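Student: This one is start_22.cif, mmCIF, C-alpha atoms.
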data_model
#
loop_
_atom_site.label_atom_id
_atom_site.label_comp_id
_atom_site.auth_asym_id
_atom_site.auth_seq_id
_atom_site.Cartn_x
_atom_site.Cartn_y
_atom_site.Cartn_z
CA MET A 1 -10.06 10.73 -26.98
CA VAL A 2 -11.69 8.17 -24.71
CA SER A 3 -12.80 4.86 -26.06
CA ALA A 4 -15.46 2.67 -24.60
CA MET A 5 -15.00 -1.03 -25.07
CA GLU A 6 -18.01 -3.10 -26.09
CA THR A 7 -20.10 -2.98 -23.00
CA ASN A 8 -23.59 -3.55 -21.73
CA ALA A 9 -23.19 -0.64 -19.33
CA PRO A 10 -23.90 2.92 -20.47
CA ILE A 11 -21.10 5.46 -20.41
CA PRO A 12 -21.26 7.19 -17.03
CA ASN A 13 -22.18 10.84 -16.86
CA ARG A 14 -19.96 13.35 -15.10
CA SER A 15 -21.56 12.86 -11.69
CA GLN A 16 -21.39 9.07 -11.94
CA ALA A 17 -17.77 9.21 -13.05
CA SER A 18 -16.95 11.51 -10.16
CA ALA A 19 -18.64 9.14 -7.72
CA ALA A 20 -16.73 6.20 -9.18
CA LEU A 21 -13.43 8.04 -8.81
CA ALA A 22 -14.29 8.92 -5.22
CA ALA A 23 -15.13 5.28 -4.49
CA ALA A 24 -11.83 4.12 -5.98
CA GLN A 25 -9.90 6.70 -3.96
CA SER A 26 -11.73 5.72 -0.78
CA ALA A 27 -10.94 2.05 -1.42
CA GLN A 28 -7.26 2.86 -1.84
CA ASP A 29 -7.27 4.98 1.31
CA SER A 30 -8.79 2.12 3.28
CA ILE A 31 -5.92 -0.15 2.27
CA ARG A 32 -3.25 2.42 2.99
CA SER A 33 -4.82 3.45 6.30
CA GLN A 34 -4.86 -0.01 7.85
CA PRO A 35 -4.12 0.29 11.60
CA TRP A 36 -0.83 -1.14 12.78
CA PRO A 37 -0.50 -3.25 15.94
CA TRP A 38 1.30 -1.31 18.70
CA TRP A 39 4.22 -3.73 18.68
CA LEU A 40 5.07 -2.82 15.09
CA TYR A 41 5.70 0.80 16.06
CA VAL A 42 7.80 -0.27 19.04
CA SER A 43 9.85 -2.83 17.12
CA ASN A 44 10.53 -0.44 14.23
CA GLY A 45 11.51 2.27 16.71
CA LEU A 46 13.95 -0.17 18.30
CA PHE A 47 15.32 -1.26 14.92
CA LEU A 48 15.98 2.34 13.98
CA GLY A 49 17.40 3.32 17.35
CA VAL A 50 19.77 0.37 17.47
CA SER A 51 20.76 1.00 13.85
CA ALA A 52 21.76 4.53 14.72
CA LEU A 53 23.88 3.32 17.66
CA LEU A 54 25.63 0.43 15.93
CA PRO A 55 28.27 2.72 14.35
CA LEU A 56 29.63 3.17 17.91
CA LEU A 57 31.06 -0.34 17.52
CA GLY A 58 33.26 0.77 14.65
CA ARG A 59 33.73 -1.52 11.62
CA PRO A 60 31.84 -4.52 13.12
CA GLY A 61 28.95 -2.13 13.71
CA SER A 62 28.69 -1.38 10.00
CA GLY A 63 28.40 -5.08 9.22
CA LEU A 64 25.79 -5.56 11.92
CA LEU A 65 23.90 -2.55 10.55
CA ALA A 66 23.54 -4.29 7.19
CA VAL A 67 22.26 -7.42 8.95
CA LEU A 68 19.83 -5.38 11.02
CA VAL A 69 18.46 -3.60 7.94
CA VAL A 70 17.75 -6.95 6.28
CA ALA A 71 16.22 -8.29 9.48
CA ALA A 72 14.02 -5.20 9.83
CA CYS A 73 12.80 -5.53 6.24
CA ALA A 74 12.03 -9.22 6.74
CA PHE A 75 10.24 -8.50 10.02
CA ASN A 76 8.10 -5.78 8.45
CA TYR A 77 7.26 -8.04 5.52
CA TRP A 78 6.18 -10.76 7.98
CA ALA A 79 4.12 -8.28 10.02
CA GLY A 80 2.53 -6.92 6.84
CA SER A 81 1.71 -10.43 5.69
CA ARG A 82 -0.01 -11.11 9.01
CA MET A 83 -2.19 -8.08 8.33
CA GLY A 84 -2.78 -9.23 4.75
CA LEU A 85 -0.98 -6.18 3.33
CA PRO A 86 2.76 -6.75 3.08
CA PHE A 87 3.38 -4.00 0.52
CA ALA A 88 0.87 -1.27 1.37
CA VAL A 89 2.55 2.10 1.91
CA PRO A 90 0.87 4.13 4.67
CA ARG A 91 -1.14 7.13 3.54
CA CYS A 92 -0.12 9.37 6.41
CA ARG A 93 2.33 11.85 4.90
CA VAL A 94 3.70 12.96 8.26
CA PHE A 95 4.61 9.34 9.00
CA ILE A 96 6.34 8.91 5.63
CA VAL A 97 8.37 12.07 6.22
CA ALA A 98 9.23 10.90 9.73
CA VAL A 99 10.47 7.53 8.45
CA VAL A 100 12.61 9.24 5.80
CA LEU A 101 13.98 11.60 8.45
CA SER A 102 14.75 8.69 10.80
CA THR A 103 16.61 6.91 8.01
CA LEU A 104 18.59 10.04 7.26
CA PHE A 105 19.55 10.26 10.93
CA VAL A 106 20.83 6.67 10.76
CA VAL A 107 22.93 7.55 7.71
CA ALA A 108 24.16 10.68 9.49
CA SER A 109 25.08 8.57 12.49
CA LEU A 110 27.17 6.31 10.26
CA ALA A 111 28.88 9.32 8.71
CA ALA A 112 29.53 10.80 12.15
CA SER A 113 31.21 7.57 13.27
CA TRP A 114 33.49 7.64 10.22
CA ALA A 115 34.48 11.18 11.17
CA GLY A 116 35.10 10.10 14.76
CA MET A 117 32.36 12.39 16.07
CA TRP A 118 31.01 10.01 18.67
CA GLY A 119 28.86 12.55 20.44
CA LEU A 120 27.04 13.24 17.21
CA VAL A 121 26.24 9.52 16.89
CA TRP A 122 24.24 9.74 20.13
CA VAL A 123 22.47 12.87 18.90
CA CYS A 124 21.56 11.17 15.62
CA ALA A 125 20.26 8.13 17.52
CA ALA A 126 18.04 10.40 19.60
CA GLY A 127 16.88 12.15 16.41
CA THR A 128 16.08 8.78 14.83
CA VAL A 129 13.90 7.65 17.70
CA LEU A 130 12.22 11.04 18.21
CA SER A 131 11.31 11.51 14.56
CA PHE A 132 9.99 7.97 14.19
CA GLY A 133 8.13 8.26 17.47
CA THR A 134 6.47 11.49 16.36
CA GLY A 135 5.52 9.99 13.02
CA SER A 136 4.13 6.94 14.79
CA VAL A 137 1.81 9.06 16.89
CA PHE A 138 0.46 10.74 13.76
CA HIS A 139 0.07 7.39 11.98
CA TYR A 140 -1.68 5.82 14.96
CA ARG A 141 -4.16 8.70 15.24
CA ALA A 142 -4.75 8.85 11.49
CA THR A 143 -5.54 5.13 11.23
CA ARG A 144 -7.85 4.91 14.22
CA ARG A 145 -10.31 7.72 13.52
CA MET B 146 -1.91 5.40 -20.58
CA ASN B 147 -4.86 5.57 -22.98
CA PRO B 148 -8.15 6.38 -21.28
CA VAL B 149 -10.39 3.38 -21.93
CA LEU B 150 -13.61 2.54 -20.12
CA ASP B 151 -13.41 -1.14 -19.28
CA PRO B 152 -16.70 -3.06 -18.88
CA VAL B 153 -15.08 -5.69 -16.65
CA ILE B 154 -13.75 -3.09 -14.19
CA HIS B 155 -16.71 -0.71 -14.48
CA PRO B 156 -18.98 -2.32 -11.81
CA LEU B 157 -18.36 -0.52 -8.55
CA TYR B 158 -17.16 -3.46 -6.43
CA ARG B 159 -14.70 -4.53 -9.13
CA LEU B 160 -13.44 -0.98 -9.53
CA GLN B 161 -12.88 -0.76 -5.78
CA LEU B 162 -11.21 -4.17 -5.77
CA CYS B 163 -8.80 -3.12 -8.50
CA ALA B 164 -8.18 0.16 -6.69
CA MET B 165 -7.23 -1.67 -3.51
CA LEU B 166 -4.93 -4.04 -5.37
CA ASP B 167 -3.34 -1.10 -7.14
CA ALA B 168 -2.63 0.46 -3.73
CA GLY B 169 -1.58 -2.71 -1.92
CA THR B 170 0.18 -4.65 -4.72
CA ALA B 171 -0.62 -8.04 -3.13
CA VAL B 172 -3.50 -8.23 -0.66
CA GLU B 173 -5.00 -11.12 1.22
CA SER B 174 -8.54 -11.87 0.07
CA SER B 175 -10.17 -11.67 3.51
CA VAL B 176 -8.88 -8.09 3.88
CA LEU B 177 -10.39 -7.12 0.55
CA ARG B 178 -13.70 -8.80 1.34
CA ALA B 179 -13.89 -7.08 4.73
CA HIS B 180 -13.26 -3.66 3.19
CA LEU B 181 -15.87 -4.23 0.46
CA GLY B 182 -18.42 -5.63 2.92
CA LEU B 183 -19.38 -8.46 0.59
CA SER B 184 -20.52 -11.98 1.42
CA PRO B 185 -18.01 -14.73 0.53
CA SER B 186 -20.04 -15.84 -2.50
CA ALA B 187 -20.56 -12.30 -3.80
CA PHE B 188 -16.87 -11.55 -3.34
CA SER B 189 -15.88 -14.75 -5.17
CA LYS B 190 -18.06 -13.78 -8.14
CA GLN B 191 -16.39 -10.39 -8.45
CA VAL B 192 -12.93 -11.91 -8.18
CA ALA B 193 -13.77 -14.67 -10.66
CA ALA B 194 -14.82 -12.10 -13.26
CA LEU B 195 -11.52 -10.25 -12.89
CA VAL B 196 -9.47 -13.47 -12.92
CA GLU B 197 -11.31 -14.67 -16.04
CA ALA B 198 -10.51 -11.38 -17.77
CA GLY B 199 -6.84 -11.88 -16.90
CA TYR B 200 -6.77 -8.77 -14.70
CA VAL B 201 -6.24 -10.38 -11.31
CA ARG B 202 -3.94 -13.17 -10.20
CA GLN B 203 -5.12 -15.43 -7.40
CA GLU B 204 -2.58 -17.48 -5.46
CA ARG B 205 -2.50 -19.61 -2.33
CA GLY B 206 -0.05 -18.47 0.33
CA GLU B 207 3.27 -20.31 0.30
CA LEU B 208 3.61 -20.35 4.05
CA ASP B 209 -0.09 -20.57 4.86
CA SER B 210 -2.14 -22.26 2.15
CA ARG B 211 -5.38 -21.27 3.91
CA LYS B 212 -4.78 -17.70 2.76
CA THR B 213 -5.47 -16.53 -0.77
CA TRP B 214 -3.52 -13.60 -2.16
CA LEU B 215 -4.75 -11.38 -4.96
CA SER B 216 -2.72 -9.07 -7.15
CA LEU B 217 -3.22 -7.15 -10.39
CA THR B 218 -1.63 -8.59 -13.51
CA LYS B 219 0.11 -6.22 -15.90
CA ALA B 220 -2.97 -6.28 -18.10
CA GLY B 221 -5.13 -5.59 -15.07
CA SER B 222 -2.99 -2.68 -13.97
CA ARG B 223 -3.12 -1.17 -17.47
CA ALA B 224 -6.87 -1.70 -17.70
CA TYR B 225 -7.50 -0.20 -14.26
CA ARG B 226 -5.37 2.87 -14.88
CA GLY B 227 -6.89 3.35 -18.32
CA HIS B 228 -10.35 3.14 -16.78
CA ILE B 229 -9.45 5.70 -14.11
CA ARG B 230 -8.05 8.01 -16.80
CA ALA B 231 -11.29 7.62 -18.76
CA LEU B 232 -13.35 8.53 -15.69
CA GLU B 233 -11.13 11.57 -15.06
CA THR B 234 -11.62 12.61 -18.68
CA ILE B 235 -15.38 12.37 -18.30
CA VAL B 236 -15.25 14.49 -15.14
CA SER B 237 -13.05 17.10 -16.79
CA GLY B 238 -15.44 17.28 -19.71
CA THR B 239 -12.91 16.27 -22.36
CA PHE B 240 -14.51 12.89 -23.01
CA GLN B 241 -15.14 12.10 -26.68
CA GLU B 242 -16.90 8.88 -27.54
CA GLU B 243 -15.36 6.99 -30.42
CA SER B 244 -17.86 6.32 -33.23
#
Starting from the coordinates I provided, produce the structure as structure tokens.
Tutor:
Amino acid sequence: MVSAMETNAPIPNRSQASAALAAAQSAQDSIRSQPWPWWLYVSNGLFLGVSALLPLLGRPGSGLLAVLVVAACAFNYWAGSRMGLPFAVPRCRVFIVAVVLSTLFVVASLAASWAGMWGLVWVCAAGTVLSFGTGSVFHYRATRR
Amino acid sequence: MNPVLDPVIHPLYRLQLCAMLDAGTAVESSVLRAHLGLSPSAFSKQVAALVEAGYVRQERGELDSRKTWLSLTKAGSRAYRGHIRALETIVSGTFQEES
């Protein structure tokens, strides 16, 4: 059951409702497809890469990792605020998957350091940067069509 | 979420404005105006209607007071989502007007 509040506007027909939904979706897409400045990709790539390598330092590295995560979040919030969209999540699904994958590589790197598998830490760091880099390319192309 | 057509959100620019705030959580007003392609006065009118209805919150930036930030209130979020649900119900053909 749909209710219509007291309104001067007539209830839209199916085609009008469909057009309205399309307009709303398009508006949301425009917010979530805002282009990023190139330096945001580079800085986030560096944050992730360094994060994945910090476990090589042992226990101090874990502490620094926590600091770096906070710093990265603050930096991204600042960059988003500069663009006027501090909380918009990108629409590009490949990019989202790439970011999740990069984060998992960082976690794997930490786990590898705990297990003393130092070679694996380097592999995870490479995986972090490669996955984020790939996602960045997709995001860049998707937001600049 | 009950599907309810909302007369305040129904006009296209306001629907799009609410949609963008729903996607962006807090968005700077110049970004919204640029995406909608409205003049400053036309944009202000649309925002004022939503603020007056209690659907949108308008705040000056803490670090940069020249910037104005808009966000949906809880009531605004409920109203927007209810309106979208109502539109979806109309499209799916299950709309029933209350007498």
Student: Go through A:Tyr41, A:Trp118, A:Phe105, A:Tyr77 one by one, measure the shortest atom-to-atom distance of each to Thr134 of chain A using all atoms listed in the file, and give the residue with the smallest value.
Tutor: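 Checking each of A:Tyr41, A:Trp118, A:Phe105, A:Tyr77 against Thr134 of chain A, counting all atoms listed in the file, the winner is A:Tyr41.
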Student: Give me the result of the PyMOL selection byres ((chain A) within 12 of (chain B)) on this file, residue by residue, as a ChimeraX atom specification.
Tutor: /A:1-34,77-78,80-91
Student: List, as a list in words, every residue that the PyMOL selection byres ((chain A and resi 106-114) around 8) selects in the file provided.
Tutor: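 Evaluating the PyMOL selection byres ((chain A and resi 106-114) around 8) on this file yields Leu48, Ser51, Ala52, Leu53, Pro55, Leu56, Gly58, Ser62, Ser102, Thr103, Leu104, Phe105, Ala115, Gly116, Met117, Trp118, Leu120, Val121, Trp122, Cys124, Ala125 and Thr128 of chain A.
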Student: How many Å lie between atom CA of Arg178 of chain B and atom CA of Asn76 of chain A, rounded to one decimal?
Tutor: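 Calculated distance between atom CA of Arg178 of chain B and atom CA of Asn76 of chain A is 23.1 Å.
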Student: Please, what distance in Å, to one decimal, runs between atom CA of Leu130 of chain A and atom CA of Val97 of chain A?
Tutor: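 Taking atom CA of Leu130 of chain A as the start and atom CA of Val97 of chain A as the end point, the length is 12.6 Å.
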Student: How would you write, as a PyMOL selection string, the residues chosen by the PyMOL selection byres ((chain B and resi 221) around 10) on this structure?
Tutor: chain B and resi 154+163+166-167+195-196+198-202+216-220+222-227
Student: Could you write out the selected residues, including C-alpha atoms, as a CSV table (one decimal), in the coordinates of the input?
Tutor:
chain,number,residue,atom,x,y,z
B,154,ILE,CA,-13.8,-3.1,-14.2
B,163,CYS,CA,-8.8,-3.1,-8.5
B,166,LEU,CA,-4.9,-4.0,-5.4
B,167,ASP,CA,-3.3,-1.1,-7.1
B,195,LEU,CA,-11.5,-10.2,-12.9
B,196,VAL,CA,-9.5,-13.5,-12.9
B,198,ALA,CA,-10.5,-11.4,-17.8
B,199,GLY,CA,-6.8,-11.9,-16.9
B,200,TYR,CA,-6.8,-8.8,-14.7
B,201,VAL,CA,-6.2,-10.4,-11.3
B,202,ARG,CA,-3.9,-13.2,-10.2
B,216,SER,CA,-2.7,-9.1,-7.2
B,217,LEU,CA,-3.2,-7.2,-10.4
B,218,THR,CA,-1.6,-8.6,-13.5
B,219,LYS,CA,0.1,-6.2,-15.9
B,220,ALA,CA,-3.0,-6.3,-18.1
B,222,SER,CA,-3.0,-2.7,-14.0
B,223,ARG,CA,-3.1,-1.2,-17.5
B,224,ALA,CA,-6.9,-1.7,-17.7
B,225,TYR,CA,-7.5,-0.2,-14.3
B,226,ARG,CA,-5.4,2.9,-14.9
B,227,GLY,CA,-6.9,3.4,-18.3
Student: Could you jot down the atom CA of Gly135 of chain A to atom CA of Arg93 of chain A separation for me, Å, one decimal place?
Tutor: 8.9 Å
Student: At a cut-off of 12 Å, using only C-alpha atoms, what residues contact Arg141 of chain A? Leave out same-chain residues fewer than 3 positions from it and give the result as a list in words.
Tutor: Ser33, Gln34, Pro35, Trp36, Trp38, Cys92, Val94, Phe95, Thr134, Gly135, Ser136, Val137, Phe138, Arg144 and Arg145 of chain A
Student: Which centre and edge lengths in Å to one decimal define the box along x, y and z that fits every listed atom of segment 158-175 of chain B plus 5 Å per side, as JSON?
Tutor:
{"center_x": -8.5, "center_y": -5.7, "center_z": -3.0, "size_x": 27.3, "size_y": 22.3, "size_z": 23.0}
